[in-house]
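Asker: Here it is, the structure, as structure tokens.
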Protein chains: 4
Amino acid sequence: MRFFSDNTASACPEILDALARVNTGRVIAYGDDEWTRELDGVFSEYFGREVRAFAVVTGTAANALSLGTLCPPYGAIFAHQQAHVVEGECGATEFYSNGGRLVLVPGENGRLTADALESALRNMPVSVHAVQPSAVTLSQVTEVGTAYRPDEIAALTEIARRHGLKVHMDGARFANAVAYLGCEPADITWRVGVDVLSFGATKNGALAAEAVIFFDPALVRDFERRRKRAGHLLSKSRFVSAQLLAYIRTGLWKRNAARTNALAQRIGAAAGAALLYPVESNQVFLRLGEDGKARLREAGFGFYDWGAEGGGCARLVVSWDQPDTDVDALCRALAAFTRK
Amino acid sequence: MRFFSDNTASACPEILDALARVNTGRVIAYGDDEWTRELDGVFSEYFGREVRAFAVVTGTAANALSLGTLCPPYGAIFAHQQAHVVEGECGATEFYSNGGRLVLVPGENGRLTADALESALRNMPVSVHAVQPSAVTLSQVTEVGTAYRPDEIAALTEIARRHGLKVHMDGARFANAVAYLGCEPADITWRVGVDVLSFGATKNGALAAEAVIFFDPALVRDFERRRKRAGHLLSKSRFVSAQLLAYIRTGLWKRNAARTNALAQRIGAAAGAALLYPVESNQVFLRLGEDGKARLREAGFGFYDWGAEGGGCARLVVSWDQPDTDVDALCRALAAFTRK
Amino acid sequence: MRFFSDNTASACPEILDALARVNTGRVIAYGDDEWTRELDGVFSEYFGREVRAFAVVTGTAANALSLGTLCPPYGAIFAHQQAHVVEGECGATEFYSNGGRLVLVPGENGRLTADALESALRNMPVSVHAVQPSAVTLSQVTEVGTAYRPDEIAALTEIARRHGLKVHMDGARFANAVAYLGCEPADITWRVGVDVLSFGATKNGALAAEAVIFFDPALVRDFERRRKRAGHLLSKSRFVSAQLLAYIRTGLWKRNAARTNALAQRIGAAAGAALLYPVESNQVFLRLGEDGKARLREAGFGFYDWGAEGGGCARLVVSWDQPDTDVDALCRALAAFTRK
Amino acid sequence: MRFFSDNTASACPEILDALARVNTGRVIAYGDDEWTRELDGVFSEYFGREVRAFAVVTGTAANALSLGTLCPPYGAIFAHQQAHVVEGECGATEFYSNGGRLVLVPGENGRLTADALESALRNMPVSVHAVQPSAVTLSQVTEVGTAYRPDEIAALTEIARRHGLKVHMDGARFANAVAYLGCEPADITWRVGVDVLSFGATKNGALAAEAVIFFDPALVRDFERRRKRAGHLLSKSRFVSAQLLAYIRTGLWKRNAARTNALAQRIGAAAGAALLYPVESNQVFLRLGEDGKARLREAGFGFYDWGAEGGGCARLVVSWDQPDTDVDALCRALAAFTRK
């Protein structure tokens with residue numbers, strides 16, 4: 001029973017169906033097809049505001065293209081020290097920004113706080129000798145599965161605005177945040193000051209589809225050239241666009257997220273005191289001890305270690321295609337642990 | 001009847017079937033799945049030699065990652081002046097090589113010649129003041145649809161070797177070359193000195209799948225880090241790998257290429273004296289005059305202009321899903337022209 | 001008797017005196033000293049218009065920082081195929097522009113022509129698939145020692161303006177151009193549409209001093225951060241600024257250029273039919289044959305080959321500290337050749 | 001009385017004399033002159049081992065070229081969080097490494113500790129998803145004026161070696177370290193595992209001269225091309241080389257450092273409990289309170305604030321050309337403070 005990551009999941013039937021449906025005849029390549037042209041409209045409706053939407057195939061591309069567009073080569077991007085752009089993308093941000101710098105900010109439960117951001121900015125006075133504060137990036141949900149509340153985001157973006165920074169959100173698991181918070185997509189993005197969003201679909205049921213959403217069309221600037229130059233403009237764009245359209249229109253985004261969130265809640269409840277962070281998405285982090293992890297693995301559960309080697313922590317992620325029975329079994333196993 | 005480009009084509013049923021077949025359960029992401037692990041073996045068999053094969057989703061990514069791996073930031077890459085890496089990738093080579101330079105070499109019928117390459121190399125003496133000759137890239141087939149013969153490639157790679165350059169082949173339409181030449185894949189690659197190949201499948205029936213093939217494993221070096229850093233390592237890698245496996249194993253690559261080549265031959269024959277270049281793949285270039293192009297478009301044929309504005313030339317490309325009847329109609333229309 | 005290059009020359013006494021004069025006590029570093037603050041004013045007077053002036057120590061830095069400021073990573077810079085930025089700077093333009101491209105344009109006597117520039121621009125239609133025409137760079141004087149006339153520059157900059165390109169001038173030997181043309185510095189720069197100038201002093205008598213001159217202050221943008229980031233903001237800036245101030249204020253710039261131009265004229269006259277290009281600065285290019293070059297070297301004259309190996313051509317440059325007697329001897333030797 | 005920084009200092013007479021002495025006639029440019037050719041030998045003798053030495057004009061260039069040579073684009077460089085490469089070079093390291101990352105490591109008194117480095121390395125497991133640990137950089141003396149002991153350096157380089165990292169030392173004030181420790185230059189460099197050194201001369205009496213010293217010639221690799229490409233290869237190289245030669249040969253390096261160190265010791269002693277860090281070079285850091293700083297400034301002393309705004313700390317640096325009487329006065333002023 002595999003809880004390694006939601007990117008180990010298969011693709012939803014709705015997604016494969018969408019591929020089949022657009023697989024008709026010869027259509028103009030590189031995004032000038034009817035489906036790709038629908039993206040702006042569909043996402044504008046989704047967010048309750050006119051946006052520009054661009055499809056890519058990986059979250060790393062979405063993040064790095066966004067940040068490369070917002071940050072000059074001599075710029076600094078403030079990020080939580082555990083952010084995916086920091087730890088999981090092999091320097092993509094630095095590559096796409098032509099040498100920009102990620103400035104790491106600490107924060108509990110994977111979240112940046114207003115105080116920590118303000119303090120980090122104070123430590124980097126504007127000067128020709130220093131890199132230039134240019135952007136801040138937030139992960140919603142965070143890398144430890146927690147969700148920023150709208151007012152937390154607003155507090156951070158207010159600071160950003162005051163210092164002239166643009167705000168990017170890494171929404172690899174954006175749907176899980178919306179589902180958990182019970183809010184509208186707008187409530188955690190443009191309404192609270194987010195400028196650009198990496199909107200993820202791959203982890204939540206797509207085959208390979210992410211969208212970069214610009215809430216301010218003026219920021220699009222040279223994004224399209226940067227995407228092409230990076231090899232991320234697909235000739236047969238319809239096949240990525242179709243995934244995104246189906247993901248939104250069929251309600252798949254919310255359906256899957258609500259279900260995996262709920263399953264994760266069950267796991268968290270079963271884990272009791274072993275829980276490392278509040279469960280606010282489809283991810284659960286547990287302190288099991290090295291021994292506990294070994295026993296769980298022997299019992300047939302697959303998952304990754306979390307944190308420092310030997311620290312005894314584990315990360316378990318519920319995928320959209322995870323059978324309920326996997327979670328039933330996991331909860332039973334965890335309950336047995338905690339009973340001891 | 002659309003002859004714009006083979007990248008306007010749909011995806012083959014065999015490809016969509018392959019996606020469906022690997023869409024089973026949760027498998028380890030980022031390439032550590034059973035299908036991706038098969039790539040090296042399947043391509044090794046295909047090329048009759050042990051190779052390393054890496055999947056990406058666009059030809060631009062394949063080319064730029066290859067050349068970025070072969071060429072240092074202060075390096076020079078010799079390319080035909082009409083090469084796709086020169087004209088169609090918005091500077092991806094420069095981006096991925098961190099500022100390398102494309103040195104343009106002229107040549108008839110889209111082909112580099114040994115003389116022209118030798119001469120270009122003589123003009124760039126090795127010196128700390130000049131960029132450093134590092135690689136040469138050939139398109140097979142070329143951007144005007146012609147195919148290098150094996151001995152032509154050998155002559156070029158021999159020069160490259162002598163000057164310490166690595167040899168890259170842009171094989172966006174590699175299958176068409178093999179089909180036209182009636183040779184083995186090996187005959188136009190490693191047997192004649194090619195080091196790295198961008199092996200295209202997208203234009204010839206895949207949804208979005210290309211492979212970077214290293215004939216010399218030592219050259220792989222940091223390719224995998226460069227791919228990840230560029231956002232071109234897909235989490236659900238199986239869906240790209242599956243396309244490549246199906247493309248090779250079902251014989252799709254050759255079947256489609258043989259058919260579109262044959263249809264292009266018919267168009268070329270119908271065009272007679274209007275033909276600009278020998279037809280050696282699925283592309284046909286015609287000198288029709290501005291008036292001729294207009295009439296052809298009025299007759300319902302879609303295609304792109306070719307070359308300088310007002311030059312009266314056209315490029316027509318046969319897609320794998322092009323009905324025979326499209327070609328029948330086109331041939332009739334062209335024959336009518338030439339009769340006048 | 002060494003005619004290798006004017007960058008083999010020593011530094012003028014006026015320059016060393018200037019260094020000594022500013023060598024007094026502790027002054028604020030990184031350009032906030034009284035001499036550096038004078039640069040804008042002194043160059044504004046020199047050019048008859050308000051300009052911004054920034055000191056650096058090499059022509060390569062001046063050119064690359066200028067072009068990196070004018071050209072985005074996905075941009076194209078049009079340059080003569082023999083330009084120093086193309087042939088002599090090891091890809092500095094590509095480095096500083098983070099991967100921009102130099103587009104080579106042919107032209108007789110080292111000069112770009114309006115027709116050739118227009119044609120090169122027509123060949124690069126604005127499209128997301130192609131690099132974006134961004135700037136043109138002219139060398140005044142050119143790499144073969146010829147000088148653009150003001151109306152030639154105006155014709156080129158008019159085309160640039162029409163296509164949205166900025167115009168850079170590589171003025172490594174700017175003083176020689178002014179002296180030859182008998183014009184004002186303004187006549188070949190901002191009055192005819194030049195936006196940014198690399199103003200050279202090193203070859204003409206300074207120790208190591210060049211200035212980047214912005215005729216449009218809006219273009220300065222992030223230049224200062226780029227300079228710092230490149231390690232080209234000197235802590236003890238006064239020592240570069242002092243050279244530039246002395247170079248302008250003492251009239252050194254014109255005195256030296258007028259003299260070396262005149263000496264080059266004498267050499268050109270002595271060379272007669274061996275002359276390759278009109279002598280319009282301190283450089284002379286001769287077709288002597290391999291044998292002729294050998295004899296000239298045996299006679300004690302040092303110089304570099306020019307052009308293709310075995311082509312029999314030579315480049316001779318008069319330095320500001322070249323004794324008249326060196327030129328006397330050279331003229332005699334050349335006259336003896338041509339008599340035969 | 002200005003204690004802002006040692007880079008506000010003038011140039012030593014010995015340095016200007018050296019410029020005058022090499023200012024003779026025309027010599028081959030770009031480093032092929034007799035003085036530049038002496039650098040390797042003179043520095044080899046200085047370090048008691050065969051080294052390669054390359055001259056540049058700024059410390060930022062020396063550091064960034066060194067680290068760009070040691071670190072691939074996807075690499076990570078471990079540095080103290082207060083390092084000059086982190087705080088004072090506007091992202092030069094990221095620029096020259098084409099997007100490498102600085103990983104910040106904390107440490108008391110400006111020094112990296114073996115534990116902190118080991119811990120930072122453990123937190124960055126080698127993986128295709130993460131940047132690749134490539135180098136560590138130490139500042140000797142540190143940015144807070146403290147000096148690493150030889151065994152401290154050895155402990156750090158041993159860890160580096162074990163993890164496959166190269167070791168760079170930022171020796172902007174290298175002479176001060178040698179003078180303070182009473183050791184040989186070798187004792188804090190190659191003998192304890194340093195691979196590449198930025199050897200500073202500018203702050204300690206030169207006009208603008210730094211050297212990059214490679215203790216392992218194999219690491220030089222493409223350094224010379226990188227330097228040229230960055231515009232840091234001076235045509236009239238003799239004028240930088242001459243400064244370095246004079247700086248070493250006249251004993252200037254040690255004479256100046258010993259004197260400024262001694263003066264700083266006096267200031268430190270006078271400051272008593274206000275001292276923030278041990279005085280181990282020519283820099284003194286004091287906690288004076290905002291009020292104390294104001295009074296010191298009113299008394300005629302110029303210096304920069306240190307640390308967070310409002311934190312009440314000051315940095316005072318003794319320059320080689322600082323009169324003893326400046327220090328006398330400062331000590332009196334500080335003693336008066338501490339008496340209260």
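Chain identifiers are assigned as A, B, and so on, following the order in which chains appear in the structure tokens; residues are numbered from 1 within each chain, and ligands are numbered from 1 in order of appearance.
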Write out as a ChimeraX atom specification each polymer residue whose atoms come within 7 Å of Val196 in chain B, counting only C-alpha atoms; drop sequence neighbours fewer than 5 positions from it.

Answerer: /B:66,167-169,213-215

Asker: Starting from chain D, keep only residues with some atom at most 6 Å from an atom of chain C, counting only C-alpha atoms, and report them as an MDAnalysis selection string.

Answerer: chainID D and resid 7:10 23:29 60:61 89:92 229:231 235

Asker: Per DSSP on the backbone, filter range 134-310 of chain B down to the residues in helix (DSSP H, G or I) and report them as a PyMOL selection string.

Answerer: chain B and resi 150-162+174-181+185-188+190-192+217-220+223-229+238-249+252-274+289-298

Asker: I need the residues in range 109-166 of chain C that are strand (DSSP E or B) according to DSSP; give them as an MDAnalysis selection string.

Answerer: chainID C and resid 132:139 166

Asker: Extract, using only C-alpha atoms, all DNA, RNA and protein residues at most 6 Å from range 253-259 of chain C, discarding same-chain residues fewer than 3 positions from it, and format them as a ChimeraX atom specification.

Answerer: /C:175-176,179,247,262,320

Asker: Could you dump the residues just selected with all heavy atoms as a PDB file, in the first residue's frame?

Answerer:
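Once everything was written out, this is again.pdb:
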```
ATOM      1  N   ALA C 175      37.942  58.338 -30.104  1.00  0.00           N
ATOM      2  CA  ALA C 175      38.690  59.584 -30.332  1.00  0.00           C
ATOM      3  C   ALA C 175      39.268  59.617 -31.738  1.00  0.00           C
ATOM      4  O   ALA C 175      39.295  60.668 -32.384  1.00  0.00           O
ATOM      5  CB  ALA C 175      39.805  59.719 -29.297  1.00  0.00           C
ATOM      6  N   ASN C 176      39.714  58.462 -32.224  1.00  0.00           N
ATOM      7  CA  ASN C 176      40.262  58.426 -33.573  1.00  0.00           C
ATOM      8  C   ASN C 176      39.194  58.760 -34.609  1.00  0.00           C
ATOM      9  O   ASN C 176      39.478  59.392 -35.630  1.00  0.00           O
ATOM     10  CB  ASN C 176      40.853  57.045 -33.871  1.00  0.00           C
ATOM     11  CG  ASN C 176      42.011  56.719 -32.932  1.00  0.00           C
ATOM     12  OD1 ASN C 176      41.799  56.190 -31.850  1.00  0.00           O
ATOM     13  ND2 ASN C 176      43.230  57.084 -33.326  1.00  0.00           N
ATOM     14  N   ALA C 179      38.593  62.546 -34.439  1.00  0.00           N
ATOM     15  CA  ALA C 179      39.726  63.253 -35.029  1.00  0.00           C
ATOM     16  C   ALA C 179      39.727  63.108 -36.552  1.00  0.00           C
ATOM     17  O   ALA C 179      39.976  64.065 -37.284  1.00  0.00           O
ATOM     18  CB  ALA C 179      41.035  62.708 -34.441  1.00  0.00           C
ATOM     19  N   TYR C 247      41.926  62.492 -19.214  1.00  0.00           N
ATOM     20  CA  TYR C 247      41.887  62.168 -20.645  1.00  0.00           C
ATOM     21  C   TYR C 247      41.072  63.204 -21.414  1.00  0.00           C
ATOM     22  O   TYR C 247      41.441  63.641 -22.504  1.00  0.00           O
ATOM     23  CB  TYR C 247      41.278  60.774 -20.798  1.00  0.00           C
ATOM     24  CG  TYR C 247      41.190  60.225 -22.200  1.00  0.00           C
ATOM     25  CD1 TYR C 247      42.340  59.818 -22.875  1.00  0.00           C
ATOM     26  CD2 TYR C 247      39.962  60.074 -22.834  1.00  0.00           C
ATOM     27  CE1 TYR C 247      42.251  59.280 -24.151  1.00  0.00           C
ATOM     28  CE2 TYR C 247      39.865  59.535 -24.102  1.00  0.00           C
ATOM     29  CZ  TYR C 247      41.016  59.139 -24.766  1.00  0.00           C
ATOM     30  OH  TYR C 247      40.925  58.605 -26.032  1.00  0.00           O
ATOM     31  N   ALA C 262      47.440  60.621 -38.063  1.00  0.00           N
ATOM     32  CA  ALA C 262      48.314  61.208 -39.077  1.00  0.00           C
ATOM     33  C   ALA C 262      49.443  60.251 -39.432  1.00  0.00           C
ATOM     34  O   ALA C 262      49.802  60.079 -40.607  1.00  0.00           O
ATOM     35  CB  ALA C 262      48.876  62.542 -38.577  1.00  0.00           C
ATOM     36  N   TRP C 320      49.951  55.626 -29.284  1.00  0.00           N
ATOM     37  CA  TRP C 320      50.199  57.039 -28.940  1.00  0.00           C
ATOM     38  C   TRP C 320      51.662  57.272 -28.601  1.00  0.00           C
ATOM     39  O   TRP C 320      52.171  58.379 -28.789  1.00  0.00           O
ATOM     40  CB  TRP C 320      49.314  57.456 -27.751  1.00  0.00           C
ATOM     41  CG  TRP C 320      49.828  56.937 -26.433  1.00  0.00           C
ATOM     42  CD1 TRP C 320      49.490  55.781 -25.828  1.00  0.00           C
ATOM     43  CD2 TRP C 320      50.823  57.548 -25.615  1.00  0.00           C
ATOM     44  NE1 TRP C 320      50.194  55.612 -24.680  1.00  0.00           N
ATOM     45  CE2 TRP C 320      51.021  56.692 -24.510  1.00  0.00           C
ATOM     46  CE3 TRP C 320      51.576  58.734 -25.696  1.00  0.00           C
ATOM     47  CZ2 TRP C 320      51.947  56.972 -23.504  1.00  0.00           C
ATOM     48  CZ3 TRP C 320      52.498  59.018 -24.695  1.00  0.00           C
ATOM     49  CH2 TRP C 320      52.680  58.135 -23.609  1.00  0.00           C
TER      50      TRP C 320
END
```

Asker: Just give me the gap between CA of Gly145 in chain A and CA of Pro133 in chain D in Å, one decimal is fine.

Answerer: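 It comes out at 27.5 Å.
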
Asker: For range 297-312 of chain D, list every protein, DNA or RNA residue within 12 Å, evaluated using only C-alpha atoms, and leave out those in the same chain fewer than 4 positions away; present the list as a PyMOL selection string.

Answerer: (chain A and resi 119-125) or (chain C and resi 26-28) or (chain D and resi 1-6+8+82+87+143-144+274+276+283-293+316-318+326-334+336-337)

Asker: If we count only C-alpha atoms, what is near Ala186 in chain C at a cut-off of 9 Å, once residues fewer than 3 positions away on the same chain are taken out, given as a list in words?

Answerer: Tyr46, Phe47, Gly48, Arg49, Cys183, Thr189, Trp190, Arg191 and Val192 of chain C

Asker: Mind pulling up the distance from CA of Arg315 in chain A to CA of Ala269 in chain A?

Answerer: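 Answer for the CA of Ala269 in chain A to CA of Arg315 in chain A separation: 15.0 Å.
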
Asker: Env of Ala83 in chain D: 10 Å cut, atoms = only C-alpha atoms, seq-sep filter 5 positions within chain, self excluded. Answer as a PyMOL selection string.

Answerer: chain D and resi 88-89+104-105+110-112+137-139+142-144+170

Asker: Might you pull out every residue within 9 Å of Gly107 in chain D, with only C-alpha atoms counted and same-chain residues fewer than 6 positions away left off, and present them as an mmCIF file with N, CA, C and O atoms, in the first residue's frame?

Answerer:
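Final output, saved to part04.cif:
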```cif
data_model
loop_
_atom_site.group_PDB
_atom_site.id
_atom_site.type_symbol
_atom_site.label_atom_id
_atom_site.label_comp_id
_atom_site.auth_asym_id
_atom_site.auth_seq_id
_atom_site.Cartn_x
_atom_site.Cartn_y
_atom_site.Cartn_z
ATOM 1 N N HIS D 80 29.618 31.235 5.078
ATOM 2 C CA HIS D 80 29.088 31.834 6.301
ATOM 3 C C HIS D 80 28.018 32.853 5.931
ATOM 4 O O HIS D 80 28.128 33.547 4.945
ATOM 5 N N GLN D 81 26.989 32.931 6.770
ATOM 6 C CA GLN D 81 25.861 33.782 6.418
ATOM 7 C C GLN D 81 26.211 35.266 6.335
ATOM 8 O O GLN D 81 25.494 36.034 5.714
ATOM 9 N N THR D 113 32.007 26.731 11.511
ATOM 10 C CA THR D 113 32.572 25.669 12.336
ATOM 11 C C THR D 113 32.379 24.336 11.628
ATOM 12 O O THR D 113 31.489 24.191 10.781
ATOM 13 N N ALA D 116 28.852 22.980 12.095
ATOM 14 C CA ALA D 116 27.818 23.648 11.310
ATOM 15 C C ALA D 116 27.922 23.258 9.838
ATOM 16 O O ALA D 116 26.912 23.070 9.156
#
```

Asker: Quick one: pull the distance between CA of Asp222 in chain D and CA of Gly75 in chain B, Å, one decimal.

Answerer: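 Calculated distance between CA of Asp222 in chain D and CA of Gly75 in chain B is 10.9 Å.
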
Asker: So, counting only C-alpha atoms, which residue among C:Val220, C:Asp324, C:Leu245, C:Val126 is closest to Gly41 in chain C?

Answerer: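 Of C:Val220, C:Asp324, C:Leu245, C:Val126, the one nearest Gly41 in chain C is C:Leu245, counting only C-alpha atoms.
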